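Pasting upload.txt here (compact mmCIF, C-alpha atoms (C1' of nucleotides)):
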```txt
# COMPACT_ATOMS: atom_id res chain seq x y z
CA MET A 1 96.64 -131.90 11.82
CA ARG A 2 98.20 -128.57 11.18
CA ILE A 3 101.60 -127.35 10.06
CA THR A 4 103.20 -125.68 13.06
CA ARG A 5 103.73 -121.95 12.96
CA LYS A 6 107.41 -122.66 13.14
CA SER A 7 107.36 -124.52 9.83
CA ASP A 8 105.02 -122.03 8.26
CA TYR A 9 107.20 -119.08 9.27
CA GLY A 10 110.37 -120.93 8.39
CA LEU A 11 109.24 -121.71 4.88
CA ARG A 12 108.03 -118.16 4.28
CA ALA A 13 111.32 -116.80 5.56
CA MET A 14 113.24 -119.08 3.23
CA CYS A 15 111.14 -117.81 0.34
CA GLU A 16 111.97 -114.27 1.34
CA LEU A 17 115.67 -115.09 1.23
CA ALA A 18 115.19 -116.86 -2.08
CA LYS A 19 113.74 -113.69 -3.60
CA SER A 20 116.99 -111.85 -2.98
CA HIS A 21 119.31 -114.75 -3.61
CA GLY A 22 122.61 -113.55 -5.05
CA ARG A 23 122.29 -110.07 -3.59
CA SER A 24 123.32 -108.84 -0.13
CA PRO A 25 122.08 -110.70 2.96
CA ILE A 26 118.80 -109.79 4.68
CA SER A 27 118.36 -109.07 8.37
CA ILE A 28 115.89 -110.79 10.64
CA THR A 29 114.04 -107.50 11.07
CA GLU A 30 113.52 -107.18 7.33
CA VAL A 31 112.29 -110.75 6.88
CA ALA A 32 110.01 -110.46 9.88
CA ALA A 33 108.47 -107.22 8.63
CA ALA A 34 107.99 -108.55 5.10
CA GLN A 35 106.25 -111.75 6.20
CA GLY A 36 104.54 -110.62 9.39
CA ILE A 37 106.56 -112.86 11.69
CA PRO A 38 107.41 -111.94 15.30
CA ASP A 39 111.08 -111.04 15.47
CA PRO A 40 112.24 -113.14 18.45
CA PHE A 41 110.54 -116.27 17.20
CA LEU A 42 112.01 -115.86 13.76
CA GLU A 43 115.41 -115.56 15.34
CA LYS A 44 115.20 -119.06 16.79
CA ILE A 45 113.92 -120.42 13.51
CA MET A 46 116.81 -118.91 11.59
CA GLN A 47 119.16 -120.42 14.13
CA GLU A 48 117.87 -123.90 13.40
CA LEU A 49 117.92 -123.37 9.66
CA LYS A 50 121.52 -122.29 9.98
CA SER A 51 122.41 -125.38 12.05
CA ALA A 52 120.89 -127.50 9.30
CA GLY A 53 123.21 -125.85 6.80
CA LEU A 54 120.43 -124.29 4.73
CA ILE A 55 121.37 -120.67 5.35
CA ALA A 56 124.45 -118.68 6.35
CA ALA A 57 124.71 -115.66 8.66
CA THR A 58 126.96 -112.63 8.47
CA HIS A 59 127.37 -110.38 11.50
CA GLY A 60 127.62 -106.65 11.75
CA ARG A 61 126.46 -103.72 9.72
CA GLY A 62 124.85 -104.71 6.44
CA GLY A 63 124.79 -108.31 7.61
CA GLY A 64 121.97 -110.80 7.76
CA TYR A 65 121.06 -114.20 6.37
CA SER A 66 121.39 -115.70 2.92
CA LEU A 67 120.74 -119.08 1.29
CA GLU A 68 123.57 -121.59 1.15
CA ARG A 69 122.25 -123.11 -2.08
CA ALA A 70 120.23 -121.90 -5.05
CA PRO A 71 116.44 -121.75 -4.56
CA ASN A 72 115.89 -124.56 -7.03
CA GLN A 73 118.23 -126.77 -5.00
CA ILE A 74 116.32 -126.52 -1.73
CA SER A 75 113.14 -128.55 -1.31
CA VAL A 76 110.23 -127.70 0.95
CA ARG A 77 110.78 -131.02 2.66
CA GLU A 78 114.31 -130.09 3.67
CA VAL A 79 113.11 -126.87 5.25
CA ILE A 80 110.31 -128.56 7.19
CA GLU A 81 112.47 -131.44 8.38
CA ALA A 82 115.21 -129.05 9.46
CA LEU A 83 112.68 -127.49 11.82
CA GLU A 84 110.58 -130.45 12.91
CA GLY A 85 112.70 -133.54 12.50
CA PRO A 86 111.68 -136.54 10.43
CA MET A 87 108.16 -136.42 9.07
CA ALA A 88 105.71 -138.32 11.20
CA LEU A 89 102.04 -137.55 10.78
CA VAL A 90 101.23 -139.72 13.76
CA THR A 91 103.41 -140.34 16.80
CA CYS A 92 103.55 -144.06 16.09
CA LEU A 93 105.37 -143.28 12.83
CA ASP A 94 108.11 -141.42 14.66
CA PRO A 95 111.34 -143.40 14.52
CA ALA A 96 112.13 -142.24 18.05
CA LEU A 97 109.02 -143.91 19.40
CA LYS A 98 107.49 -147.21 18.53
CA CYS A 99 103.90 -148.23 18.01
CA MET A 100 102.58 -149.86 21.17
CA ILE A 101 99.83 -151.80 19.47
CA GLU A 102 101.75 -154.80 18.19
CA ASP A 103 99.36 -155.95 15.54
CA GLY A 104 95.85 -155.11 14.58
CA CYS A 105 96.37 -151.35 14.69
CA PRO A 106 93.95 -150.43 11.95
CA THR A 107 95.34 -147.00 11.20
CA SER A 108 99.12 -147.29 11.16
CA SER A 109 99.52 -148.52 7.60
CA PHE A 110 97.01 -145.97 6.41
CA TRP A 111 98.87 -143.10 8.03
CA ALA A 112 102.14 -144.50 6.75
CA LEU A 113 100.82 -144.32 3.20
CA ILE A 114 99.55 -140.77 3.59
CA ASN A 115 102.81 -139.80 5.22
CA GLU A 116 104.79 -141.20 2.32
CA ARG A 117 102.79 -139.28 -0.25
CA PHE A 118 103.15 -136.16 1.82
CA GLU A 119 106.91 -136.58 1.85
CA GLN A 120 106.97 -137.04 -1.89
CA ALA A 121 104.90 -133.93 -2.52
CA LEU A 122 107.09 -131.75 -0.30
CA GLY A 123 110.29 -133.31 -1.58
CA ALA A 124 109.38 -132.59 -5.19
CA THR A 125 108.79 -128.89 -4.64
CA THR A 126 111.61 -126.35 -4.33
CA LEU A 127 111.71 -122.76 -3.17
CA ALA A 128 112.02 -121.72 -6.80
CA ASP A 129 108.76 -123.54 -7.56
CA LEU A 130 107.02 -121.66 -4.80
CA LEU A 131 108.17 -118.28 -6.05
CA GLN A 132 106.94 -119.03 -9.54
CA ARG A 133 103.38 -119.43 -8.47
CA ILE A 134 102.89 -116.46 -6.20
CA PRO A 135 101.18 -113.96 -8.48
CA GLY A 136 97.66 -115.19 -9.18
CA SER A 137 97.05 -117.62 -6.35
CA HIS A 138 95.22 -119.59 -9.02
CA SER A 139 98.14 -121.25 -10.64
CA PRO A 140 98.97 -124.07 -13.00
CA LYS A 141 98.75 -127.51 -11.48
CA HIS A 142 101.70 -128.94 -13.32
CA THR A 143 104.15 -127.55 -10.81
CA ILE A 144 103.80 -130.64 -8.67
CA PRO A 145 104.22 -133.92 -10.52
CA GLU A 146 101.05 -135.99 -10.59
CA GLU A 147 102.69 -139.13 -9.26
CA SER A 148 103.29 -137.40 -5.97
CA GLY A 149 99.59 -136.85 -5.40
CA LEU A 150 98.15 -137.82 -2.06
CA VAL A 151 95.27 -139.64 -3.67
CA GLN A 152 95.99 -143.06 -4.93
CA MET B 1 102.85 -131.06 11.02
CA ARG B 2 101.40 -133.86 13.00
CA ILE B 3 97.96 -135.36 13.48
CA THR B 4 96.87 -134.46 17.00
CA ARG B 5 96.55 -137.25 19.51
CA LYS B 6 92.88 -136.40 19.69
CA SER B 7 92.37 -137.30 16.04
CA ASP B 8 94.60 -140.32 16.26
CA TYR B 9 92.76 -141.69 19.28
CA GLY B 10 89.39 -140.76 17.83
CA LEU B 11 89.99 -142.62 14.60
CA ARG B 12 91.29 -145.71 16.39
CA ALA B 13 88.28 -145.66 18.69
CA MET B 14 85.95 -145.47 15.71
CA CYS B 15 87.70 -148.49 14.19
CA GLU B 16 87.19 -150.34 17.42
CA LEU B 17 83.47 -149.60 17.28
CA ALA B 18 83.39 -150.57 13.63
CA LYS B 19 84.79 -154.00 14.47
CA SER B 20 81.75 -154.76 16.60
CA HIS B 21 79.21 -152.93 14.50
CA GLY B 22 75.81 -154.60 14.69
CA ARG B 23 76.49 -156.19 18.05
CA SER B 24 76.01 -154.69 21.51
CA PRO B 25 77.60 -151.32 22.32
CA ILE B 26 81.11 -151.01 23.76
CA SER B 27 82.07 -149.08 26.86
CA ILE B 28 84.74 -146.41 27.02
CA THR B 29 86.80 -148.64 29.28
CA GLU B 30 86.85 -151.43 26.73
CA VAL B 31 87.83 -149.16 23.85
CA ALA B 32 90.49 -147.45 25.93
CA ALA B 33 92.02 -150.75 26.98
CA ALA B 34 91.97 -152.20 23.47
CA GLN B 35 93.65 -149.18 21.89
CA GLY B 36 95.82 -147.95 24.74
CA ILE B 37 94.05 -144.62 25.18
CA PRO B 38 93.74 -142.79 28.53
CA ASP B 39 90.16 -143.18 29.71
CA PRO B 40 89.29 -139.57 30.59
CA PHE B 41 90.69 -138.20 27.37
CA LEU B 42 88.79 -140.75 25.34
CA GLU B 43 85.64 -139.72 27.14
CA LYS B 44 85.92 -136.17 25.81
CA ILE B 45 86.62 -137.46 22.34
CA MET B 46 83.57 -139.72 22.37
CA GLN B 47 81.51 -136.78 23.52
CA GLU B 48 82.50 -134.77 20.47
CA LEU B 49 81.96 -137.70 18.12
CA LYS B 50 78.50 -138.07 19.58
CA SER B 51 77.73 -134.36 19.13
CA ALA B 52 78.75 -134.74 15.50
CA GLY B 53 76.20 -137.53 15.10
CA LEU B 54 78.74 -140.21 14.28
CA ILE B 55 78.08 -142.41 17.31
CA ALA B 56 75.28 -143.03 19.80
CA ALA B 57 75.51 -143.67 23.54
CA THR B 58 73.40 -145.94 25.75
CA HIS B 59 73.55 -145.60 29.52
CA GLY B 60 73.59 -148.23 32.20
CA ARG B 61 74.57 -151.85 32.44
CA GLY B 62 75.63 -153.32 29.12
CA GLY B 63 75.68 -149.83 27.67
CA GLY B 64 78.37 -148.00 25.76
CA TYR B 65 78.88 -146.50 22.34
CA SER B 66 77.99 -147.70 18.86
CA LEU B 67 78.24 -146.35 15.33
CA GLU B 68 75.28 -144.46 13.92
CA ARG B 69 76.09 -145.60 10.38
CA ALA B 70 77.73 -148.60 8.77
CA PRO B 71 81.55 -148.60 8.71
CA ASN B 72 81.59 -148.24 4.93
CA GLN B 73 79.45 -145.11 5.24
CA ILE B 74 81.82 -143.19 7.51
CA SER B 75 84.91 -141.58 6.03
CA VAL B 76 88.13 -140.84 7.84
CA ARG B 77 87.65 -137.22 6.91
CA GLU B 78 84.34 -137.02 8.75
CA VAL B 79 85.93 -138.37 11.90
CA ILE B 80 88.85 -135.96 11.78
CA GLU B 81 86.72 -132.94 10.99
CA ALA B 82 84.30 -133.80 13.77
CA LEU B 83 87.21 -133.49 16.18
CA GLU B 84 89.29 -130.70 14.67
CA GLY B 85 86.97 -128.59 12.59
CA PRO B 86 87.54 -127.84 8.93
CA MET B 87 90.84 -129.05 7.55
CA ALA B 88 93.47 -126.34 7.45
CA LEU B 89 97.08 -127.36 7.18
CA VAL B 90 98.16 -123.79 7.77
CA THR B 91 96.38 -121.16 9.82
CA CYS B 92 95.95 -118.91 6.82
CA LEU B 93 93.76 -121.59 5.22
CA ASP B 94 91.38 -121.57 8.14
CA PRO B 95 88.06 -120.04 7.10
CA ALA B 96 87.80 -118.42 10.52
CA LEU B 97 90.99 -116.47 9.99
CA LYS B 98 92.27 -114.70 6.96
CA CYS B 99 95.72 -114.50 5.48
CA MET B 100 97.35 -111.22 6.47
CA ILE B 101 99.71 -111.14 3.54
CA GLU B 102 97.44 -109.75 0.83
CA ASP B 103 99.49 -110.64 -2.17
CA GLY B 104 102.82 -112.22 -2.72
CA CYS B 105 102.47 -114.89 -0.07
CA PRO B 106 104.54 -117.58 -1.77
CA THR B 107 103.26 -120.52 0.22
CA SER B 108 99.49 -120.14 0.51
CA SER B 109 98.56 -121.65 -2.84
CA PHE B 110 101.03 -124.47 -2.33
CA TRP B 111 99.56 -125.38 1.03
CA ALA B 112 96.08 -125.05 -0.41
CA LEU B 113 96.91 -127.65 -3.02
CA ILE B 114 98.42 -130.06 -0.52
CA ASN B 115 95.46 -129.49 1.75
CA GLU B 116 93.05 -130.32 -1.03
CA ARG B 117 94.79 -133.60 -1.80
CA PHE B 118 94.82 -134.44 1.86
CA GLU B 119 91.08 -133.89 2.06
CA GLN B 120 90.52 -136.10 -0.95
CA ALA B 121 92.62 -138.92 0.44
CA LEU B 122 90.86 -138.87 3.81
CA GLY B 123 87.44 -138.43 2.22
CA ALA B 124 87.92 -141.45 -0.02
CA THR B 125 88.77 -143.82 2.81
CA THR B 126 86.15 -145.32 5.10
CA LEU B 127 86.39 -147.17 8.38
CA ALA B 128 85.63 -150.38 6.50
CA ASP B 129 88.65 -149.73 4.28
CA LEU B 130 90.86 -149.35 7.33
CA LEU B 131 89.67 -152.61 8.84
CA GLN B 132 90.37 -154.52 5.65
CA ARG B 133 93.97 -153.48 5.84
CA ILE B 134 94.80 -154.57 9.37
CA PRO B 135 95.37 -158.31 9.18
CA GLY B 136 99.07 -157.71 8.74
CA SER B 137 99.13 -160.90 6.71
CA HIS B 138 100.01 -159.25 3.44
CA SER B 139 100.97 -155.68 4.27
CA PRO B 140 104.33 -155.58 6.04
CA LYS B 141 104.29 -154.07 9.50
CA HIS B 142 105.27 -150.57 8.37
CA THR B 143 108.85 -151.03 9.42
CA ILE B 144 110.28 -147.59 9.77
CA PRO B 145 113.16 -146.66 7.49
CA GLU B 146 115.92 -146.53 10.08
CA GLU B 147 118.54 -144.29 8.59
CA SER B 148 116.39 -141.53 7.13
CA GLY B 149 118.80 -139.30 5.29
CA LEU B 150 116.92 -136.09 5.77
CA VAL B 151 119.27 -133.37 4.66
CA GLN B 152 121.12 -134.47 1.65
C1' DC C 1 134.58 -96.13 18.65
C1' DT C 2 129.94 -96.80 17.41
C1' DA C 3 125.97 -98.32 15.17
C1' DC C 4 124.14 -102.48 13.42
C1' DA C 5 123.01 -107.25 13.41
C1' DA C 6 123.41 -111.93 15.02
C1' DT C 7 123.65 -114.73 19.39
C1' DC C 8 122.34 -116.28 23.91
C1' DA C 9 119.69 -116.79 28.38
C1' DG C 10 115.65 -116.15 30.63
C1' DA C 11 110.54 -115.58 31.56
C1' DT C 12 105.49 -115.48 30.19
C1' DG C 13 100.74 -116.88 28.08
C1' DC C 14 98.13 -120.25 26.18
C1' DG C 15 96.14 -124.39 24.48
C1' DA C 16 96.53 -129.49 24.11
C1' DA C 17 96.95 -133.75 26.80
C1' DG C 18 95.80 -136.11 30.62
C1' DA C 19 93.97 -136.83 35.74
C1' DT C 20 90.43 -136.61 39.38
C1' DG C 21 86.08 -136.74 41.35
C1' DA C 22 81.14 -135.95 41.75
C1' DG C 23 76.65 -136.52 39.47
C1' DA C 24 72.85 -138.60 36.53
C1' DA C 25 70.78 -142.27 33.58
C1' DT C 26 69.85 -147.11 32.84
C1' DC C 27 69.49 -152.00 33.82
C1' DA C 28 69.53 -156.37 36.61
C1' DC C 29 67.85 -158.57 40.37
C1' DC C 30 65.48 -159.61 44.55
C1' DG D 1 59.43 -151.34 42.99
C1' DG D 2 63.54 -150.24 45.36
C1' DT D 3 68.54 -151.06 45.65
C1' DG D 4 72.89 -151.33 43.80
C1' DA D 5 76.04 -152.04 39.96
C1' DT D 6 77.25 -150.26 35.59
C1' DT D 7 78.03 -146.70 32.39
C1' DC D 8 77.68 -142.13 30.43
C1' DT D 9 78.07 -136.99 31.73
C1' DC D 10 80.01 -132.80 33.53
C1' DA D 11 83.21 -129.54 35.88
C1' DT D 12 87.67 -128.66 37.49
C1' DC D 13 92.61 -129.11 37.91
C1' DT D 14 97.46 -130.21 36.74
C1' DT D 15 101.10 -130.92 33.35
C1' DC D 16 103.63 -129.95 29.30
C1' DG D 17 105.19 -128.01 25.07
C1' DC D 18 104.51 -124.41 21.57
C1' DA D 19 104.57 -119.56 20.56
C1' DT D 20 106.01 -115.15 22.12
C1' DC D 21 108.46 -111.46 24.52
C1' DT D 22 112.51 -109.10 27.20
C1' DG D 23 117.06 -108.11 27.89
C1' DA D 24 122.01 -108.75 27.79
C1' DT D 25 126.08 -110.23 24.95
C1' DT D 26 129.09 -110.87 21.10
C1' DG D 27 130.82 -109.96 16.51
C1' DT D 28 131.57 -106.89 12.37
C1' DA D 29 131.70 -102.98 9.17
C1' DG D 30 132.30 -98.02 8.68
```

Can you present the structure in this file as structure tokens?
Amino acid sequence: MRITRKSDYGLRAMCELAKSHGRSPISITEVAAAQGIPDPFLEKIMQELKSAGLIAATHGRGGGYSLERAPNQISVREVIEALEGPMALVTCLDPALKCMIEDGCPTSSFWALINERFEQALGATTLADLLQRIPGSHSPKHTIPEESGLVQ
Amino acid sequence: MRITRKSDYGLRAMCELAKSHGRSPISITEVAAAQGIPDPFLEKIMQELKSAGLIAATHGRGGGYSLERAPNQISVREVIEALEGPMALVTCLDPALKCMIEDGCPTSSFWALINERFEQALGATTLADLLQRIPGSHSPKHTIPEESGLVQ
DNA sequence: CTACAATCAGATGCGAAGATGAGAATCACC
DNA sequence: GGTGATTCTCATCTTCGCATCTGATTGTAG
């Protein structure tokens, strides 16, 4: 019941790129230093984000990574799913697997509901939204639409 | 970003106990068979649930486990936290650790908000609520959206 | 050509998931 | 009341995937 480090790092890295969007690309070393992420691990993460088409890489001196789209056009959900595949809070929700308990599984529909609300919340938030709320850590609640709340 | 198997199994086991609440206790073997959980793993889980005071064990013939409280008095959140400790979607939310990035961490407050909603949703649902949902008569069998267009 | 930065191929440490087997408590029954 | 069946309890061991590191290779600007 925890976001993997991969997703955590990946999202923070994307935010770092978003900060400098429009300017020159940023190297892995810079991102890693700014966000306290181990270099080699970040490298793999960036690779996957690039495969998903979220970021672009430029080789050589002065090179690095940059966003493929504007920060307000990239949702948190896209970043997470690029790194972890389709959202599935519980293994039985994973499309790749199927729930063994045919009927009478008391938790599947519950988890499915939570999962759906989770998806909505992450899908409704963009990198630009995240950057807007950094300063005070106590921030306005209107950033995430109420309908996407996890509580019914 | 996935509920651990431990929590998944633990919650299903608690539901199984809730079904027979008031009657004689149920053995690990029975619960494991009913929910498709490996016996030895379930044993450890039950041990932790017992330490948390959620269930009681009786030895010997006809023994097994039973709920310490009524199903409508035990929330999903209690079960999960008994097995995983305090909820923390991201490591930096864990009370035991602290976020290294002093200021400017763009994601911490976002995750904190999601985490809070998660807590509320799990805290507001009891084992009795879960059991009411199972029949499958009215709620469709959570058919998984096949073609999930992730990156759009 | 050379310094810089991404790319690629491995090996390692660690914790979760699951397996195995021996031991201790309780009950049924003779 | 002792014997054995049943069930929880406890310690240890493998397996597997995540997180991390090391080093070599390729591509690009100056």

**Message:** If the cut-off is 6 Å, can you tell me the residues of chain C near chain A, counting only C-alpha atoms (C1' of nucleotides)? I'd like them as a PyMOL selection string.
**Reply:** chain C and resi 4-6

**Protein, DNA and RNA residues within 9 Å of (99.5, -129.3, 26.1), all atoms listed in the file, as JSON, numbers by chain** = {"C": [15, 16, 17, 18], "D": [15, 16, 17, 18]}

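Residues from chain D found within 10 Å of chain B are D:DA5, D:DT6, D:DT7, D:DC8, D:DT9, counting all atoms listed in the file.
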
**Request:** Define the interface residues of chain B facing chain A as those within 6 Å, counting all atoms listed in the file, and report them as a list in words.
**Result:** Met1, Arg2, Ile3, Thr4, Leu89, Val90, Gly104, Pro106, Ser109, Arg117, Ala121, Leu130, Leu131 and Ile134 of chain B

**Item:** Separation of atom C1' of DG13 of chain C from atom CA of Leu83 of chain B, in Å and rounded to one decimal
**Value:**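 Value for the atom C1' of DG13 of chain C-atom CA of Leu83 of chain B distance: 24.5 Å.
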
Skip DA11 of chain C itself and residues of its chain fewer than 5 positions away, then list as a short mmCIF file (atom, residue, chain, number, x, y, z; two decimals) with C-alpha atoms (C1' of nucleotides), in the coordinates of the input all residues within 12 Å of it, counting all atoms listed in the file.
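And here is the file that came out, around_39.cif:
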```cif
data_model
loop_
_atom_site.label_atom_id
_atom_site.label_comp_id
_atom_site.auth_asym_id
_atom_site.auth_seq_id
_atom_site.Cartn_x
_atom_site.Cartn_y
_atom_site.Cartn_z
"C1'" DT D 20 106.01 -115.15 22.12
"C1'" DC D 21 108.46 -111.46 24.52
"C1'" DT D 22 112.51 -109.10 27.20
"C1'" DG D 23 117.06 -108.11 27.89
#
```

**Message:** Please list as an NGL selection string every residue within 10 Å of Ala70 of chain A, counting only C-alpha atoms (C1' of nucleotides) and excluding residues in the same chain fewer than 2 positions away.
**Reply:** :A and (18 or 21-22 or 67-68 or 72-74 or 126-128)

**Item:** Point (124.8, -106.9, 29.7) neighbourhood (12 Å, only C-alpha atoms (C1' of nucleotides)) written as a list of chain:residue names
**Value:**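 Selection result: C:DC8, C:DA9, D:DG23, D:DA24, D:DT25, D:DT26.
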